[in-house]
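Structure file structure.txt; described as compact mmCIF, C-alpha atoms.
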# COMPACT_ATOMS: atom_id res chain seq x y z
CA MET A 158 7.80 -30.65 3.73
CA SER A 159 4.67 -31.75 5.54
CA GLY A 160 1.19 -30.32 5.46
CA GLU A 161 -0.25 -28.00 2.84
CA GLU A 162 2.19 -26.86 0.19
CA ARG A 163 2.99 -23.17 0.49
CA GLU A 164 3.41 -20.71 -2.36
CA ILE A 165 6.84 -19.50 -3.50
CA CYS A 166 7.19 -16.51 -5.83
CA ALA A 167 10.58 -15.85 -7.47
CA PHE A 168 11.87 -13.06 -9.71
CA ALA A 169 14.97 -13.19 -11.89
CA ALA A 170 16.54 -10.20 -13.66
CA ASP A 171 18.39 -12.30 -16.26
CA ALA A 172 18.09 -15.61 -18.11
CA GLY A 173 20.86 -17.37 -16.17
CA THR A 174 19.30 -16.55 -12.81
CA GLU A 175 15.89 -17.58 -14.08
CA ARG A 176 17.24 -20.96 -15.19
CA VAL A 177 18.85 -21.71 -11.81
CA LEU A 178 15.76 -20.65 -9.88
CA ARG A 179 13.47 -22.79 -12.03
CA GLU A 180 15.64 -25.84 -11.45
CA ALA A 181 15.95 -25.14 -7.73
CA LEU A 182 12.18 -24.79 -7.32
CA ASP A 183 11.27 -27.74 -9.52
CA GLY A 184 9.05 -30.02 -7.47
CA HIS A 185 7.32 -27.23 -5.55
CA GLY A 186 3.89 -27.26 -7.12
CA LYS A 187 3.03 -23.73 -6.06
CA ALA A 188 6.35 -22.16 -7.05
CA ARG A 189 6.26 -19.49 -9.75
CA VAL A 190 9.32 -17.92 -11.40
CA HIS A 191 8.93 -14.58 -13.20
CA ARG A 192 11.40 -12.55 -15.26
CA GLY A 193 11.84 -9.17 -13.60
CA ASP A 194 13.81 -7.00 -11.19
CA MET A 195 12.80 -5.58 -7.81
CA ALA A 196 10.47 -3.02 -9.37
CA ALA A 197 8.67 -5.81 -11.20
CA ALA A 198 8.46 -7.87 -8.01
CA ILE A 199 6.94 -4.99 -6.05
CA LYS A 200 4.46 -4.25 -8.82
CA HIS A 201 3.47 -7.91 -9.11
CA LEU A 202 2.94 -8.36 -5.37
CA THR A 203 1.10 -5.08 -4.76
CA GLY A 204 -2.47 -5.90 -3.86
CA ALA A 205 -1.94 -9.65 -4.29
CA PRO A 206 -1.99 -12.31 -1.54
CA SER A 207 1.54 -12.65 -0.16
CA PRO A 208 3.34 -15.96 -0.75
CA GLN A 209 5.17 -17.55 2.15
CA VAL A 210 8.52 -17.13 0.38
CA VAL A 211 9.65 -14.45 -2.09
CA ILE A 212 12.95 -14.72 -3.97
CA VAL A 213 14.08 -11.41 -5.46
CA ASP A 214 16.93 -10.32 -7.73
CA LEU A 215 18.55 -7.08 -6.58
CA ASP A 216 20.46 -6.37 -9.80
CA GLY A 217 19.49 -2.94 -11.12
CA SER A 218 18.36 -1.62 -7.72
CA LYS A 219 20.17 1.57 -6.68
CA PHE A 220 19.17 1.16 -3.01
CA PRO A 221 18.92 -2.59 -2.33
CA ALA A 222 18.06 -2.27 1.37
CA GLY A 223 15.53 0.46 0.57
CA SER A 224 13.88 -1.71 -2.07
CA ILE A 225 13.54 -4.52 0.47
CA HIS A 226 11.68 -2.14 2.77
CA GLU A 227 9.50 -1.12 -0.16
CA LEU A 228 8.79 -4.80 -0.74
CA ALA A 229 7.81 -5.12 2.93
CA GLY A 230 5.20 -2.44 2.37
CA VAL A 231 3.32 -4.60 -0.15
CA CYS A 232 3.78 -7.99 1.57
CA GLU A 233 2.10 -9.34 4.65
CA PHE A 234 4.06 -9.06 7.87
CA GLY A 235 6.19 -12.20 8.31
CA THR A 236 6.84 -12.93 4.63
CA SER A 237 10.21 -14.67 4.19
CA VAL A 238 12.57 -13.19 1.59
CA ILE A 239 15.60 -14.70 -0.09
CA ALA A 240 17.66 -12.24 -2.15
CA VAL A 241 20.20 -12.78 -4.91
CA GLY A 242 22.41 -10.32 -6.77
CA SER A 243 25.78 -9.58 -8.35
CA ASN A 244 27.13 -7.55 -5.41
CA ASP A 245 29.28 -9.88 -3.32
CA THR A 246 30.38 -7.45 -0.58
CA ALA A 247 29.94 -8.29 3.09
CA ARG A 248 28.61 -4.79 3.69
CA LEU A 249 25.58 -5.35 1.46
CA ALA A 250 24.92 -8.74 3.06
CA ARG A 251 24.91 -7.12 6.51
CA GLU A 252 22.60 -4.32 5.37
CA LEU A 253 20.16 -6.84 3.92
CA LEU A 254 20.15 -8.91 7.08
CA THR A 255 19.11 -5.85 9.09
CA THR A 256 15.98 -5.59 6.94
CA GLY A 257 14.97 -9.15 7.81
CA VAL A 258 16.08 -10.89 4.61
CA ASN A 259 16.40 -14.62 5.34
CA ASP A 260 19.42 -15.18 3.09
CA TYR A 261 21.48 -13.43 0.43
CA PHE A 262 23.33 -15.27 -2.34
CA PRO A 263 25.82 -13.46 -4.61
CA LYS A 264 25.85 -14.61 -8.23
CA PRO A 265 26.74 -17.16 -9.43
CA PHE A 266 24.88 -19.28 -6.89
CA SER A 267 24.00 -22.95 -7.06
CA VAL A 268 20.73 -24.83 -7.32
CA ARG A 269 21.56 -26.57 -4.04
CA GLU A 270 22.00 -23.26 -2.17
CA ILE A 271 18.55 -22.03 -3.19
CA ARG A 272 16.91 -25.38 -2.47
CA GLU A 273 18.39 -25.54 1.03
CA ALA A 274 17.48 -21.92 1.79
CA VAL A 275 13.88 -22.47 0.70
CA MET A 276 13.54 -25.69 2.70
CA THR A 277 14.96 -23.96 5.79
CA VAL A 278 12.16 -21.41 5.56
CA LEU A 279 9.41 -23.90 4.74
CA ASP A 280 10.43 -26.25 7.54
CA GLY A 281 10.23 -23.36 10.00
CA GLU A 282 13.75 -23.61 11.35
CA ALA A 283 13.95 -21.77 14.67
CA GLY A 284 15.45 -18.35 14.49
CA ALA A 285 14.92 -17.87 10.75
CA PRO A 286 14.54 -14.14 10.03
CA ARG A 287 11.37 -12.72 8.53
CA LEU A 288 10.74 -9.54 6.61
CA HIS A 289 10.14 -6.98 9.31
CA ALA A 290 9.21 -3.40 9.88
CA GLY A 291 11.30 -0.28 10.02
CA ARG A 292 12.15 1.52 13.25
CA VAL A 293 9.78 3.79 15.16
CA ILE A 294 11.41 6.79 16.83
CA ALA A 295 9.24 8.82 19.21
CA PHE A 296 10.21 12.43 19.99
CA ALA A 297 8.73 13.88 23.16
CA GLY A 298 9.37 17.40 24.37
CA CYS A 299 9.40 17.90 28.13
CA GLY A 300 7.56 21.20 28.15
CA GLY A 301 6.71 23.66 25.39
CA GLY A 302 9.49 25.06 23.22
CA CYS A 303 12.04 22.32 23.88
CA GLY A 304 12.75 21.85 20.18
CA ALA A 305 11.62 18.22 19.89
CA THR A 306 9.72 18.88 16.66
CA THR A 307 12.74 20.52 15.04
CA LEU A 308 14.81 17.44 15.85
CA ALA A 309 12.09 15.14 14.52
CA ALA A 310 11.93 17.05 11.23
CA VAL A 311 15.71 17.11 10.81
CA THR A 312 15.88 13.36 11.50
CA ALA A 313 13.18 12.65 8.93
CA ARG A 314 14.93 14.72 6.26
CA ALA A 315 18.33 13.19 7.03
CA SER A 316 17.03 9.63 6.77
CA ALA A 317 15.29 10.40 3.46
CA ALA A 318 18.45 12.07 2.11
CA ARG A 319 20.29 8.80 2.75
CA GLY A 320 17.84 6.87 0.61
CA GLY A 321 15.42 5.76 3.33
CA TYR A 322 11.66 5.84 3.16
CA VAL A 323 10.24 7.85 6.07
CA SER A 324 6.79 8.18 7.60
CA ALA A 325 6.38 11.35 9.71
CA LEU A 326 3.39 11.12 12.05
CA ASP A 327 2.21 14.15 14.03
CA LEU A 328 -0.41 13.36 16.68
CA GLY A 329 -0.98 16.95 17.77
CA ARG A 330 -4.74 17.59 17.58
CA THR A 331 -4.69 21.39 17.72
CA PHE A 332 -1.67 22.28 15.58
CA GLY A 333 0.54 19.93 13.57
CA ALA A 334 4.01 21.36 14.13
CA LEU A 335 5.83 18.53 12.35
CA PRO A 336 3.95 18.92 9.03
CA TRP A 337 4.55 22.67 9.32
CA MET A 338 8.29 22.07 9.80
CA LEU A 339 8.25 19.80 6.75
CA ASP A 340 6.36 22.49 4.79
CA VAL A 341 3.31 20.39 3.99
CA GLU A 342 -0.41 20.60 4.67
CA PRO A 343 -1.67 17.29 6.13
CA ALA A 344 -4.31 15.40 4.19
CA ALA A 345 -7.76 15.16 5.72
CA GLY A 346 -9.03 12.00 7.34
CA LEU A 347 -6.58 10.94 10.07
CA ASP A 348 -9.32 11.11 12.72
CA GLU A 349 -11.61 9.01 10.51
CA LEU A 350 -8.81 6.48 10.01
CA PHE A 351 -8.35 6.10 13.77
CA GLY A 352 -12.10 5.59 14.12
CA LEU A 353 -11.96 2.62 11.75
CA VAL A 354 -9.38 0.74 13.82
CA THR A 355 -11.79 -1.85 15.19
CA PRO A 356 -11.75 -5.65 14.78
CA GLY A 357 -14.45 -5.54 12.11
CA GLN A 358 -12.98 -2.70 10.05
CA ALA A 359 -9.21 -3.27 10.15
CA SER A 360 -9.10 -3.99 6.42
CA ALA A 361 -10.95 -0.76 5.59
CA ALA A 362 -8.55 1.16 7.83
CA SER A 363 -5.53 -0.35 6.05
CA ASP A 364 -6.95 0.62 2.68
CA MET A 365 -7.37 4.21 3.88
CA ILE A 366 -3.76 4.84 4.94
CA ASP A 367 -2.57 6.07 1.54
CA SER A 368 -5.43 8.57 1.29
CA VAL A 369 -4.43 10.36 4.52
CA SER A 370 -0.79 10.73 3.47
CA ALA A 371 0.80 13.92 2.13
CA ALA A 372 4.19 14.12 0.42
CA GLY A 373 6.72 15.97 2.55
CA GLY A 374 9.51 15.77 -0.01
CA PRO A 375 11.29 12.87 -1.70
CA ARG A 376 10.73 9.64 0.26
CA ILE A 377 8.83 11.33 3.12
CA SER A 378 5.14 10.63 3.77
CA VAL A 379 3.48 12.94 6.30
CA TYR A 380 0.47 12.07 8.45
CA GLY A 381 -1.29 14.55 10.71
CA TYR A 382 -4.58 16.21 11.54
CA ARG A 383 -6.01 18.80 9.16
CA SER A 384 -6.84 22.07 10.93
CA GLY A 385 -10.54 22.47 11.72
CA ASP A 386 -13.03 24.37 13.82
CA ALA A 387 -12.62 22.01 16.77
CA PRO A 388 -9.90 19.50 17.69
CA PRO A 389 -10.77 15.88 16.92
CA LEU A 390 -11.21 13.30 19.65
CA ALA A 391 -8.06 11.71 21.01
CA PRO A 392 -7.35 8.36 19.33
CA SER A 393 -7.34 5.20 21.42
CA PRO A 394 -3.93 3.78 22.39
CA VAL A 395 -4.80 0.66 20.38
CA ALA A 396 -5.41 2.74 17.26
CA VAL A 397 -2.16 4.67 17.70
CA HIS A 398 -0.18 1.45 18.12
CA TRP A 399 -1.89 -0.06 15.07
CA LEU A 400 -1.02 2.91 12.86
CA THR A 401 2.64 3.07 13.90
CA GLU A 402 2.95 -0.65 13.11
CA GLN A 403 1.31 -0.16 9.72
CA LEU A 404 3.62 2.75 8.89
CA ALA A 405 6.65 0.76 10.04
CA ASN A 406 5.75 -1.92 7.50
CA ARG A 407 5.91 0.76 4.80
CA SER A 408 9.05 2.66 5.82
CA HIS A 409 12.62 2.41 6.98
CA LEU A 410 11.84 4.93 9.68
CA VAL A 411 8.70 6.22 11.40
CA VAL A 412 9.16 9.54 13.20
CA VAL A 413 6.39 10.33 15.70
CA ASP A 414 5.81 13.72 17.33
CA GLY A 415 3.04 15.79 18.88
CA MET A 416 1.83 13.45 21.64
CA ALA A 417 0.18 16.08 23.82
CA ASP A 418 -2.10 14.00 26.05
CA ALA A 419 -0.70 11.39 28.44
CA ASP A 420 -2.54 8.37 26.99
CA THR A 421 -1.26 9.05 23.48
CA LEU A 422 2.23 9.85 24.74
CA PHE A 423 2.66 6.58 26.58
CA ALA A 424 0.94 4.53 23.87
CA VAL A 425 3.72 5.69 21.55
CA LEU A 426 6.63 5.62 23.99
CA GLU A 427 5.86 2.11 25.24
CA ASN A 428 5.98 0.60 21.76
CA ALA A 429 8.64 2.75 20.05
CA ASP A 430 11.99 1.26 19.12
CA GLU A 431 13.73 4.44 20.29
CA ARG A 432 12.46 7.11 22.67
CA VAL A 433 13.97 10.59 22.43
CA LEU A 434 13.09 12.82 25.37
CA VAL A 435 14.07 16.43 24.72
CA TYR A 436 14.34 18.85 27.62
CA GLU A 437 15.70 22.27 28.49
CA PRO A 438 18.04 22.76 31.46
CA THR A 439 15.31 24.59 33.36
CA LEU A 440 13.53 23.51 36.52
CA VAL A 441 10.10 23.29 34.85
CA SER A 442 11.37 21.16 31.97
CA LEU A 443 13.46 18.91 34.22
CA ASN A 444 10.48 18.27 36.50
CA HIS A 445 8.46 17.30 33.42
CA LEU A 446 11.27 14.97 32.33
CA ALA A 447 11.56 13.35 35.76
CA HIS A 448 7.81 12.71 35.81
CA THR A 449 7.91 11.12 32.35
CA LEU A 450 10.85 8.89 33.28
CA ALA A 451 9.08 7.76 36.45
CA LEU A 452 5.92 6.83 34.56
CA LEU A 453 7.88 4.89 31.92
CA GLY A 454 9.61 2.91 34.63
CA GLU A 455 12.81 0.90 34.54
CA GLY A 456 14.05 -1.27 31.72
CA ARG A 457 13.31 1.04 28.78
CA GLU A 458 16.09 2.52 26.72
CA ILE A 459 15.73 6.28 26.50
CA ILE A 460 17.80 8.88 24.68
CA LEU A 461 18.03 12.12 26.65
CA VAL A 462 18.70 15.29 24.66
CA GLN A 463 19.50 18.47 26.56
CA ASN A 464 18.55 21.26 24.21
CA HIS A 465 19.53 24.82 25.09
CA THR A 466 16.69 26.54 23.27
CA ARG A 467 16.83 29.72 25.37
CA ALA A 468 19.58 32.14 26.31
CA PRO A 469 22.10 30.71 28.80
CA LYS A 470 21.03 33.12 31.57
CA SER A 471 17.81 31.11 32.01
CA ALA A 472 19.54 27.73 32.25
CA LEU A 473 20.46 25.78 35.36
CA SER A 474 24.07 24.85 35.93
CA PRO A 475 25.33 21.38 34.89
CA LYS A 476 25.57 20.45 38.59
CA GLN A 477 21.95 21.45 39.22
CA VAL A 478 20.83 19.42 36.20
CA ARG A 479 22.68 16.31 37.42
CA GLU A 480 21.20 16.67 40.89
CA THR A 481 17.68 17.01 39.51
CA LEU A 482 18.15 13.90 37.36
CA ALA A 483 19.75 11.91 40.19
CA GLY A 484 23.10 11.78 38.41
CA ARG A 485 21.75 10.88 34.95
CA GLU A 486 23.74 12.61 32.21
CA PRO A 487 22.25 13.64 28.84
CA ASP A 488 23.16 11.44 25.90
CA PHE A 489 23.39 14.50 23.64
CA THR A 490 23.65 18.21 24.36
CA LEU A 491 22.73 20.90 21.84
CA PRO A 492 24.18 24.35 22.60
CA PHE A 493 22.23 27.57 22.46
CA GLU A 494 22.00 28.89 18.89
CA PRO A 495 20.39 32.35 18.53
CA LYS A 496 19.89 31.95 14.77
CA LEU A 497 17.86 28.72 15.10
CA PRO A 498 14.33 30.24 15.09
CA ALA A 499 15.00 32.10 11.83
CA ALA A 500 16.62 29.04 10.27
CA THR A 501 13.69 26.76 11.11
CA ASN A 502 11.24 29.32 9.74
CA ARG A 503 13.03 28.96 6.41
CA GLY A 504 12.33 25.23 6.45
CA SER A 505 15.23 23.55 8.27
CA PRO A 506 18.51 24.34 10.04
CA ASP A 507 21.12 25.31 7.46
CA GLU A 508 24.68 26.57 7.03
CA SER A 509 23.81 29.89 8.67
CA LEU A 510 23.94 28.17 12.06
CA GLY A 511 27.10 28.03 14.11
CA LYS A 512 29.56 25.16 13.61
CA LYS A 513 29.29 24.05 17.23
CA TYR A 514 25.53 23.65 16.98
CA ARG A 515 25.67 21.92 13.58
CA LYS A 516 28.28 19.47 14.87
CA ALA A 517 26.21 18.56 17.93
CA LEU A 518 23.07 18.23 15.83
CA GLY A 519 24.92 16.06 13.32
CA LEU A 520 26.05 13.63 16.03
CA LEU A 521 22.48 13.21 17.27
CA VAL A 522 20.98 12.73 13.81
CA GLU A 523 23.76 10.32 12.83
CA SER A 524 22.98 8.13 15.83
CA LEU A 525 19.26 8.09 15.02
CA THR A 526 19.50 7.41 11.30
CA ARG A 527 22.31 4.86 11.16
CA PRO A 528 21.23 1.28 10.36
CA ALA A 529 20.53 -1.04 13.27
CA VAL A 530 23.22 -3.59 14.16
CA SER A 531 22.89 -6.45 11.72
CA LEU A 532 22.63 -10.13 12.54
CA ALA A 533 26.00 -10.70 10.91
CA GLU A 534 27.67 -7.99 13.03
CA ALA A 535 26.05 -9.31 16.17
CA ALA A 536 27.57 -12.72 15.38
CA GLY A 537 31.00 -11.15 14.96
CA ALA A 538 31.24 -11.43 11.18
CA PRO A 539 34.24 -9.61 9.65
CA ALA A 540 33.67 -6.43 7.69
Could you write out this structure as structure tokens?
Amino acid sequence: MSGEEREICAFAADAGTERVLREALDGHGKARVHRGDMAAAIKHLTGAPSPQVVIVDLDGSKFPAGSIHELAGVCEFGTSVIAVGSNDTARLARELLTTGVNDYFPKPFSVREIREAVMTVLDGEAGAPRLHAGRVIAFAGCGGGCGATTLAAVTARASAARGGYVSALDLGRTFGALPWMLDVEPAAGLDELFGLVTPGQASAASDMIDSVSAAGGPRISVYGYRSGDAPPLAPSPVAVHWLTEQLANRSHLVVVDGMADADTLFAVLENADERVLVYEPTLVSLNHLAHTLALLGEGREIILVQNHTRAPKSALSPKQVRETLAGREPDFTLPFEPKLPAATNRGSPDESLGKKYRKALGLLVESLTRPAVSLAEAAGAPA
């Protein structure tokens, strides 16, 4: 290795692992090996300068991929992670690769394997993965009452129920519908946080993120504007992009809703990993959708959800919808469900809803909350 020696921080859950790691890292002057599991690693690294390489032991972690994302929340963006553990299944290896883990070694592993993995990272081999952020999904309703917020809330709850950490961000400045759907009052200070996103105050803004978060249930952190006498000023697109990136470094999934003004809407849609445009099969909503698609331009992946939020008598025919969208078909269609307003007022859609609606909703949520395709799968690795 040339140049300045870089720090390596390793954690071992048992004596045998600790012994192998110490031998493998012998000769790296800035390498430190600690006894501890993932919880100990996260605690140790919280608030501390991030090393270039972290080696973690996943034994004892109930949600290994989730714990890696939690680790990402306390490390600087770009930290390289090597994981070890007793689980030798290909499925876990694929899941870990999707989080940006550089390598995973099932126990027992050799000194040589760890040495080579560390040198690959330190030498900057092209294409080496880095610990990265979770996905950002933006929900945009094409007209009032399209049901985009309901879908955002259901997606957030479903991801959290699967063990994911979720950040739910509502950018509505007059009424935060997403926090309301998640049954939580937003913490004060989101407008002040956006005001701090300047080159000279980025560190202060980062330190403030936790204080403007409210718990929306297990594993869900909610961010939104607190109701006041007058709506706050619209945040700058730069500030919105900064916050979604910060939240993505803390979560598996960031769900964004409530982008009422055009600048905020496109600041989110341009940088989101997935864009969900929700529309009704009505002329007003379809015109809104067509305008949004035109402004986004070509080359952006968009998920279209046709949501029948009103009685069928007010809907256009499938042929009229196709003609309005120049032949574009919806990716998902949710049928009309008369019991939906009452169900959402109770907190979330439940078993009182019709089977047809619940099935369609389940397909949409499944597609949004499933893990991204892993590097191993992309390379054609066997299951």
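Nearest residue to A:Gly304 among A:Arg467, A:Lys516, A:Arg251, A:Arg376 is A:Arg467, counting all atoms listed in the file.
Using all atoms listed in the file, the smallest distance between any of A:Pro221, A:Gly415, A:Pro389, A:Pro394 and A:Thr306 comes from A:Gly415.
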Find the residues near A:Ala169: any atom within 12 Å, counting all atoms listed in the file, skip ones fewer than 5 places away on the same chain, and give them as a VMD selection string. chain A and resid 174 to 179 189 to 198 211 to 217 239 to 243 264
Write out as a ChimeraX atom specification the residues lying within 7 Å of stretch 324-327 of chain A, counting only C-alpha atoms and excluding same-chain residues fewer than 5 positions away. /A:313,333,335,377-381,404,408,410-415
Could you save the residues just selected, with C-alpha atoms, as a PDB file, in the frame of the given file?
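Result file result-v2.pdb:
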ATOM      1  CA  ALA A 313      13.180  12.650   8.930  1.00  0.00           C
ATOM      2  CA  GLY A 333       0.540  19.930  13.570  1.00  0.00           C
ATOM      3  CA  LEU A 335       5.830  18.530  12.350  1.00  0.00           C
ATOM      4  CA  ILE A 377       8.830  11.330   3.120  1.00  0.00           C
ATOM      5  CA  SER A 378       5.140  10.630   3.770  1.00  0.00           C
ATOM      6  CA  VAL A 379       3.480  12.940   6.300  1.00  0.00           C
ATOM      7  CA  TYR A 380       0.470  12.070   8.450  1.00  0.00           C
ATOM      8  CA  GLY A 381      -1.290  14.550  10.710  1.00  0.00           C
ATOM      9  CA  LEU A 404       3.620   2.750   8.890  1.00  0.00           C
ATOM     10  CA  SER A 408       9.050   2.660   5.820  1.00  0.00           C
ATOM     11  CA  LEU A 410      11.840   4.930   9.680  1.00  0.00           C
ATOM     12  CA  VAL A 411       8.700   6.220  11.400  1.00  0.00           C
ATOM     13  CA  VAL A 412       9.160   9.540  13.200  1.00  0.00           C
ATOM     14  CA  VAL A 413       6.390  10.330  15.700  1.00  0.00           C
ATOM     15  CA  ASP A 414       5.810  13.720  17.330  1.00  0.00           C
ATOM     16  CA  GLY A 415       3.040  15.790  18.880  1.00  0.00           C
TER      17      GLY A 415
END
Need the shell around A:Arg292: protein/DNA/RNA residues with any atom at most 8 Å away, counting only C-alpha atoms. Skip same-chain ones fewer than 6 positions apart. Format as an NGL selection string? :A and (405 or 409-411 or 429-431)
Using Å and a single decimal, report how far atom CA of A:Thr331 sits from atom CA of A:Ala318. 29.4 Å
I'd like the contact shell of A:Gly302 - 12 Å cut-off, all atoms listed in the file, skipping same-chain residues fewer than 3 positions apart - returned as a PDB file with C-alpha atoms, keeping the file's coordinate frame.
ATOM      1  CA  ALA A 297       8.730  13.880  23.160  1.00  0.00           C
ATOM      2  CA  GLY A 298       9.370  17.400  24.370  1.00  0.00           C
ATOM      3  CA  CYS A 299       9.400  17.900  28.130  1.00  0.00           C
ATOM      4  CA  ALA A 305      11.620  18.220  19.890  1.00  0.00           C
ATOM      5  CA  THR A 306       9.720  18.880  16.660  1.00  0.00           C
ATOM      6  CA  THR A 307      12.740  20.520  15.040  1.00  0.00           C
ATOM      7  CA  LEU A 308      14.810  17.440  15.850  1.00  0.00           C
ATOM      8  CA  ALA A 334       4.010  21.360  14.130  1.00  0.00           C
ATOM      9  CA  VAL A 435      14.070  16.430  24.720  1.00  0.00           C
ATOM     10  CA  TYR A 436      14.340  18.850  27.620  1.00  0.00           C
ATOM     11  CA  GLU A 437      15.700  22.270  28.490  1.00  0.00           C
ATOM     12  CA  THR A 439      15.310  24.590  33.360  1.00  0.00           C
ATOM     13  CA  VAL A 441      10.100  23.290  34.850  1.00  0.00           C
ATOM     14  CA  SER A 442      11.370  21.160  31.970  1.00  0.00           C
ATOM     15  CA  ASN A 464      18.550  21.260  24.210  1.00  0.00           C
ATOM     16  CA  HIS A 465      19.530  24.820  25.090  1.00  0.00           C
ATOM     17  CA  THR A 466      16.690  26.540  23.270  1.00  0.00           C
ATOM     18  CA  ARG A 467      16.830  29.720  25.370  1.00  0.00           C
ATOM     19  CA  PRO A 498      14.330  30.240  15.090  1.00  0.00           C
TER      20      PRO A 498
END
Find, counting all atoms listed in the file, the residue in A:Pro206, A:Pro495, A:Gly300, A:Gly320 that gets nearest to A:Phe220.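 Nearest to A:Phe220: A:Gly320.
Straight-line separation from atom CA of A:Gly257 to atom CA of A:Ala229: 9.6 Å.
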Nearest residue to A:Ala250 from the set A:Lys476, A:Leu491, A:Pro263, A:Leu426 (distances using all atoms listed in the file):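 Ranking A:Lys476, A:Leu491, A:Pro263, A:Leu426 by distance to A:Ala250, first place goes to A:Pro263.
Rounded to one decimal, atom CA of A:His201 and atom CA of A:Val278 lie 21.7 Å from each other.
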Pick out the closest residue to A:Ala451 from this set: A:Ala310, A:Pro487, A:Leu482, A:Thr421. Count all atoms listed in the file.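 When distances to A:Ala451 are compared using all atoms listed in the file, the smallest one comes from A:Leu482.
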Quick one: of A:Pro392, A:Gly186, A:Gly329, A:Gly385, who's nearest to A:Leu350, counting only C-alpha atoms?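 Looking only at the distances to A:Leu350, the closest residue turns out to be A:Pro392.
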So that I can check the surroundings of A:Ser474, please list as a PyMOL selection string every protein, DNA and RNA residue that reaches within 12 Å of it, counting all atoms listed in the file and ignoring chain neighbours fewer than 2 positions away. chain A and resi 437-440+465+469-472+476-481
Would you write out those residues with C-alpha atoms, as a PDB file, keeping the file's coordinate frame?
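Output (part29.pdb):
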ATOM      1  CA  GLU A 437      15.700  22.270  28.490  1.00  0.00           C
ATOM      2  CA  PRO A 438      18.040  22.760  31.460  1.00  0.00           C
ATOM      3  CA  THR A 439      15.310  24.590  33.360  1.00  0.00           C
ATOM      4  CA  LEU A 440      13.530  23.510  36.520  1.00  0.00           C
ATOM      5  CA  HIS A 465      19.530  24.820  25.090  1.00  0.00           C
ATOM      6  CA  PRO A 469      22.100  30.710  28.800  1.00  0.00           C
ATOM      7  CA  LYS A 470      21.030  33.120  31.570  1.00  0.00           C
ATOM      8  CA  SER A 471      17.810  31.110  32.010  1.00  0.00           C
ATOM      9  CA  ALA A 472      19.540  27.730  32.250  1.00  0.00           C
ATOM     10  CA  LYS A 476      25.570  20.450  38.590  1.00  0.00           C
ATOM     11  CA  GLN A 477      21.950  21.450  39.220  1.00  0.00           C
ATOM     12  CA  VAL A 478      20.830  19.420  36.200  1.00  0.00           C
ATOM     13  CA  ARG A 479      22.680  16.310  37.420  1.00  0.00           C
ATOM     14  CA  GLU A 480      21.200  16.670  40.890  1.00  0.00           C
ATOM     15  CA  THR A 481      17.680  17.010  39.510  1.00  0.00           C
TER      16      THR A 481
END
